[in-house]
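Novice: Structure: target01.txt, compact mmCIF, C-alpha atoms.
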# COMPACT_ATOMS: atom_id res chain seq x y z
CA MET A 433 0.00 0.00 0.00
CA LYS A 434 1.40 3.35 -1.00
CA ILE A 435 0.05 6.53 0.57
CA SER A 436 -0.36 9.26 -2.05
CA THR A 437 0.24 12.99 -1.64
CA LYS A 438 -3.42 13.27 -0.63
CA GLY A 439 -2.79 11.24 2.50
CA ARG A 440 0.61 12.74 3.27
CA TYR A 441 -0.48 16.35 2.80
CA GLY A 442 -3.75 15.66 4.61
CA LEU A 443 -1.77 14.44 7.62
CA THR A 444 0.37 17.57 7.35
CA ILE A 445 -2.74 19.77 7.54
CA MET A 446 -4.08 17.84 10.49
CA MET A 447 -0.75 17.91 12.35
CA GLU A 448 -0.51 21.68 11.91
CA LEU A 449 -4.06 22.11 13.25
CA ALA A 450 -3.27 19.74 16.13
CA ALA A 451 -0.12 21.68 17.04
CA LYS A 452 -2.19 24.88 17.33
CA PHE A 453 -5.28 23.27 18.87
CA GLY A 454 -7.01 25.70 21.24
CA GLU A 455 -5.23 28.75 19.80
CA GLY A 456 -7.89 29.62 17.23
CA PRO A 457 -8.32 28.96 13.53
CA ILE A 458 -5.35 28.43 11.22
CA SER A 459 -5.46 29.47 7.56
CA LEU A 460 -4.56 27.05 4.81
CA LYS A 461 -2.34 29.77 3.40
CA SER A 462 -0.15 29.71 6.52
CA ILE A 463 0.03 25.90 6.45
CA ALA A 464 0.92 25.95 2.75
CA GLU A 465 3.64 28.56 3.24
CA LYS A 466 5.16 26.87 6.28
CA ASN A 467 5.33 23.48 4.54
CA GLN A 468 6.03 24.78 1.03
CA LEU A 469 2.86 23.20 -0.38
CA SER A 470 0.25 24.37 -2.85
CA GLU A 471 -2.55 26.24 -1.09
CA HIS A 472 -4.90 25.27 -3.93
CA TYR A 473 -4.13 21.57 -3.38
CA LEU A 474 -4.69 21.89 0.38
CA GLU A 475 -8.08 23.49 -0.34
CA GLN A 476 -9.05 20.35 -2.25
CA LEU A 477 -8.00 18.14 0.67
CA ILE A 478 -9.70 20.10 3.43
CA ALA A 479 -13.21 19.61 1.97
CA PRO A 480 -13.39 15.83 2.58
CA LEU A 481 -11.83 16.31 6.02
CA ARG A 482 -14.53 18.86 6.83
CA ASN A 483 -17.29 16.65 5.38
CA ALA A 484 -16.04 13.75 7.54
CA GLY A 485 -16.32 15.95 10.64
CA LEU A 486 -12.60 16.00 11.41
CA VAL A 487 -12.23 19.78 10.98
CA LYS A 488 -14.46 22.82 11.24
CA SER A 489 -14.19 25.99 9.20
CA VAL A 490 -14.33 29.43 10.79
CA ARG A 491 -15.35 32.32 8.58
CA GLY A 492 -14.14 35.87 8.77
CA ALA A 493 -10.99 37.96 8.56
CA TYR A 494 -9.26 35.80 11.17
CA GLY A 495 -10.91 32.60 9.99
CA GLY A 496 -9.44 29.32 8.96
CA TYR A 497 -9.74 25.76 10.22
CA ILE A 498 -9.71 24.04 13.60
CA LEU A 499 -9.90 20.41 14.63
CA SER A 500 -13.43 19.32 15.48
CA LYS A 501 -12.15 17.41 18.51
CA ALA A 502 -8.95 17.06 20.50
CA ALA A 503 -5.84 15.77 18.72
CA GLU A 504 -5.71 12.71 20.95
CA ASN A 505 -9.15 11.70 19.63
CA ILE A 506 -8.24 11.73 15.92
CA THR A 507 -6.03 8.97 14.52
CA ALA A 508 -3.84 8.81 11.45
CA GLY A 509 -6.21 6.05 10.31
CA ASP A 510 -9.17 8.45 10.43
CA VAL A 511 -7.35 10.88 8.14
CA ILE A 512 -5.95 8.28 5.74
CA ARG A 513 -9.32 6.53 5.28
CA VAL A 514 -11.06 9.82 4.48
CA LEU A 515 -8.48 10.82 1.88
CA GLU A 516 -7.26 7.47 0.53
CA GLY A 517 -10.22 5.14 1.03
CA PRO A 518 -10.13 1.70 2.64
CA ILE A 519 -6.80 0.37 3.85
CA SER A 520 -5.83 -2.63 1.76
CA PRO A 521 -2.45 -3.59 0.32
CA VAL A 522 -4.04 -5.55 -2.55
CA ASP A 523 -7.44 -6.37 -3.94
CA PHE A 524 -8.34 -9.99 -3.35
CA THR A 525 -11.38 -12.20 -3.71
CA GLU A 526 -12.76 -15.19 -1.87
CA GLU A 527 -11.51 -17.34 -4.76
CA ASP A 528 -7.88 -16.44 -4.01
CA ASP A 529 -5.63 -19.04 -2.45
CA PRO A 530 -6.48 -19.15 1.31
CA ALA A 531 -2.82 -18.84 2.32
CA LYS A 532 -2.32 -15.70 0.23
CA ARG A 533 -5.65 -14.27 1.36
CA ASP A 534 -4.62 -14.82 4.99
CA LEU A 535 -1.32 -13.02 4.34
CA TRP A 536 -3.07 -10.01 2.75
CA LEU A 537 -5.55 -9.85 5.63
CA ARG A 538 -2.75 -9.93 8.23
CA ILE A 539 -0.85 -7.20 6.39
CA ARG A 540 -4.00 -5.07 6.12
CA ASP A 541 -4.79 -5.56 9.80
CA SER A 542 -1.22 -4.68 10.84
CA ILE A 543 -1.26 -1.46 8.82
CA ALA A 544 -4.68 -0.55 10.20
CA SER A 545 -3.51 -1.27 13.75
CA VAL A 546 -0.56 1.13 13.46
CA LEU A 547 -2.65 3.87 11.83
CA ASP A 548 -5.50 3.46 14.32
CA SER A 549 -3.21 3.50 17.36
CA THR A 550 -1.34 6.65 16.27
CA THR A 551 -3.12 9.88 17.16
CA LEU A 552 -2.44 13.35 15.85
CA SER A 553 -1.21 14.17 19.33
CA ASP A 554 1.36 11.36 19.08
CA LEU A 555 2.60 12.70 15.74
CA VAL A 556 2.86 16.29 16.96
CA ASN A 557 4.65 15.28 20.16
CA PHE A 558 7.05 13.09 18.19
CA LYS A 559 7.89 15.99 15.87
CA GLU A 560 8.22 18.52 18.71
CA GLU A 561 10.58 16.26 20.68
CA GLY A 562 13.00 16.30 17.75
CA GLN A 563 12.73 12.57 17.19
CA ILE A 564 11.83 13.17 13.56
CA ASP A 565 15.59 13.24 12.83
CA ASN A 566 15.75 9.53 13.65
CA TYR A 567 14.38 8.84 10.18
CA MET A 568 16.84 10.98 8.24
CA PHE A 569 19.04 8.94 5.91
CA TYR A 570 22.17 10.30 4.30
CA ILE A 571 23.84 8.94 1.18
Please go through the file and, once you have read it, give me the structure as C-alpha cells.
Specialist:
Amino acid sequence: MKISTKGRYGLTIMMELAAKFGEGPISLKSIAEKNQLSEHYLEQLIAPLRNAGLVKSVRGAYGGYILSKAAENITAGDVIRVLEGPISPVDFTEEDDPAKRDLWLRIRDSIASVLDSTTLSDLVNFKEEGQIDNYMFYI
C-alpha cells in the first residue's frame, strides 16, 4: 500500500491544526507557506476532512480551520481513510488461495492497527521532541 500525496499532505494539515489546537483557527495559506505546499491543493484536501467531521471551518478575517475534537481523539487512520479510502495492500477475492488471502488480511490488519493507534497528538509530540531526525538517511 502506497500513501499518495493526498494522505501525506492531509496528515500535514491535520498535524498543523493539532499543534495549534485551542489557539484559534489556522489558515490554509499559513500551512501551505510553512510546509512549502500548494494552497490550492490543500483546499481540495480540506473539503473531505470537513465533510467527515474531522475539521471545522471558521469564517471571517481571522478565519481558517480548527480540529473538530482534541488531537488525541483523531487517529492517522481516520485521516488516511477519508483521503485514501479503505486500507488494503491488494485487492483480493474469496476465490484467491487461502494462504495468500490470509497473508493479505494480516498485512492489512497490521497497517490498520498502526494507523489506528497513532493519534495526531502522538505525531505532533514526536515531531516537537525532535525525534523526527531519527528517520533521516544520508547517502
Novice: Which residues are close to segment 547-551 of chain A, i.e. within 12 Å by all atoms listed in the file, leaving aside same-chain residues fewer than 2 positions away? Reply as a PyMOL selection string.
Specialist: chain A and resi 435+439+443+446-447+450+501-513+519+540-545+553-558
Novice: Using C-alpha atoms, can you export the residues from the last selection as a PDB file, keeping the file's coordinate frame?
Specialist:
ATOM      1  CA  ILE A 435       0.050   6.530   0.570  1.00  0.00           C
ATOM      2  CA  GLY A 439      -2.790  11.240   2.500  1.00  0.00           C
ATOM      3  CA  LEU A 443      -1.770  14.440   7.620  1.00  0.00           C
ATOM      4  CA  MET A 446      -4.080  17.840  10.490  1.00  0.00           C
ATOM      5  CA  MET A 447      -0.750  17.910  12.350  1.00  0.00           C
ATOM      6  CA  ALA A 450      -3.270  19.740  16.130  1.00  0.00           C
ATOM      7  CA  LYS A 501     -12.150  17.410  18.510  1.00  0.00           C
ATOM      8  CA  ALA A 502      -8.950  17.060  20.500  1.00  0.00           C
ATOM      9  CA  ALA A 503      -5.840  15.770  18.720  1.00  0.00           C
ATOM     10  CA  GLU A 504      -5.710  12.710  20.950  1.00  0.00           C
ATOM     11  CA  ASN A 505      -9.150  11.700  19.630  1.00  0.00           C
ATOM     12  CA  ILE A 506      -8.240  11.730  15.920  1.00  0.00           C
ATOM     13  CA  THR A 507      -6.030   8.970  14.520  1.00  0.00           C
ATOM     14  CA  ALA A 508      -3.840   8.810  11.450  1.00  0.00           C
ATOM     15  CA  GLY A 509      -6.210   6.050  10.310  1.00  0.00           C
ATOM     16  CA  ASP A 510      -9.170   8.450  10.430  1.00  0.00           C
ATOM     17  CA  VAL A 511      -7.350  10.880   8.140  1.00  0.00           C
ATOM     18  CA  ILE A 512      -5.950   8.280   5.740  1.00  0.00           C
ATOM     19  CA  ARG A 513      -9.320   6.530   5.280  1.00  0.00           C
ATOM     20  CA  ILE A 519      -6.800   0.370   3.850  1.00  0.00           C
ATOM     21  CA  ARG A 540      -4.000  -5.070   6.120  1.00  0.00           C
ATOM     22  CA  ASP A 541      -4.790  -5.560   9.800  1.00  0.00           C
ATOM     23  CA  SER A 542      -1.220  -4.680  10.840  1.00  0.00           C
ATOM     24  CA  ILE A 543      -1.260  -1.460   8.820  1.00  0.00           C
ATOM     25  CA  ALA A 544      -4.680  -0.550  10.200  1.00  0.00           C
ATOM     26  CA  SER A 545      -3.510  -1.270  13.750  1.00  0.00           C
ATOM     27  CA  SER A 553      -1.210  14.170  19.330  1.00  0.00           C
ATOM     28  CA  ASP A 554       1.360  11.360  19.080  1.00  0.00           C
ATOM     29  CA  LEU A 555       2.600  12.700  15.740  1.00  0.00           C
ATOM     30  CA  VAL A 556       2.860  16.290  16.960  1.00  0.00           C
ATOM     31  CA  ASN A 557       4.650  15.280  20.160  1.00  0.00           C
ATOM     32  CA  PHE A 558       7.050  13.090  18.190  1.00  0.00           C
TER      33      PHE A 558
END
Novice: How far is it from atom CA of Gly495 of chain A to atom CA of Pro457 of chain A, in Å with one decimal?
Specialist: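 Atom-to-atom, atom CA of Gly495 of chain A to atom CA of Pro457 of chain A, that is 5.7 Å.
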Novice: Within 12 Å of Val490 of chain A, counting only C-alpha atoms, which residues show up once you throw out same-chain ones fewer than 6 positions away? Write them as a list in words, please.
Specialist: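 Contacts, in chain order: Gly456, Pro457, Ile458, Ser459, Leu460, Arg482, Gly496, Tyr497, Ile498, Leu499 and Ser500 of chain A.
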Novice: Expressed in Å to a single decimal, how great is the separation between atom CA of Leu481 of chain A and atom CA of Phe524 of chain A?
Specialist: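 Answer for the atom CA of Leu481 of chain A to atom CA of Phe524 of chain A separation: 28.1 Å.
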Novice: Could you pull the residues within 12 Å of Thr525 of chain A, counting all atoms listed in the file, minus those fewer than 5 positions along the same chain, as a short mmCIF file (atom, residue, chain, number, x, y, z; two decimals) with C-alpha atoms, keeping the file's coordinate frame?
Specialist:
data_model
loop_
_atom_site.label_atom_id
_atom_site.label_comp_id
_atom_site.auth_asym_id
_atom_site.auth_seq_id
_atom_site.Cartn_x
_atom_site.Cartn_y
_atom_site.Cartn_z
CA PRO A 530 -6.48 -19.15 1.31
CA LYS A 532 -2.32 -15.70 0.23
CA ARG A 533 -5.65 -14.27 1.36
CA ASP A 534 -4.62 -14.82 4.99
CA TRP A 536 -3.07 -10.01 2.75
CA LEU A 537 -5.55 -9.85 5.63
#
Novice: So which one's closest to Lys434 of chain A, A:Arg538, A:Lys461, A:His472, A:Glu516? Using all atoms listed in the file, please.
Specialist: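 Selected residue with least distance to Lys434 of chain A: A:Glu516.
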Novice: Counting only C-alpha atoms, which of A:Gly454, A:Gly492, A:Gly485, A:Gly442 gets nearest to Tyr473 of chain A?
Specialist: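 The answer is A:Gly442, which sits nearest to Tyr473 of chain A.
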Novice: Listed atoms of segment 433-449 of chain A, axis-aligned box, 3 Å per side: centre and edge lengths to one decimal in Å, as AutoDock Vina command-line options?
Specialist:
--center_x -1.3 --center_y 11.1 --center_z 5.6 --size_x 11.5 --size_y 28.1 --size_z 21.3
Novice: Report the distance between atom CA of Leu486 of chain A and atom CA of Asp523 of chain A in Å, rounded to one decimal place.
Specialist: 27.6 Å
Novice: Using all atoms listed in the file, pick whichever of A:Ala484, A:Ala493, A:Val546, A:Leu515 has the shortest atom-to-atom distance to Tyr441 of chain A.
Specialist: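 Comparing A:Ala484, A:Ala493, A:Val546, A:Leu515 against Tyr441 of chain A, the winner is A:Leu515.
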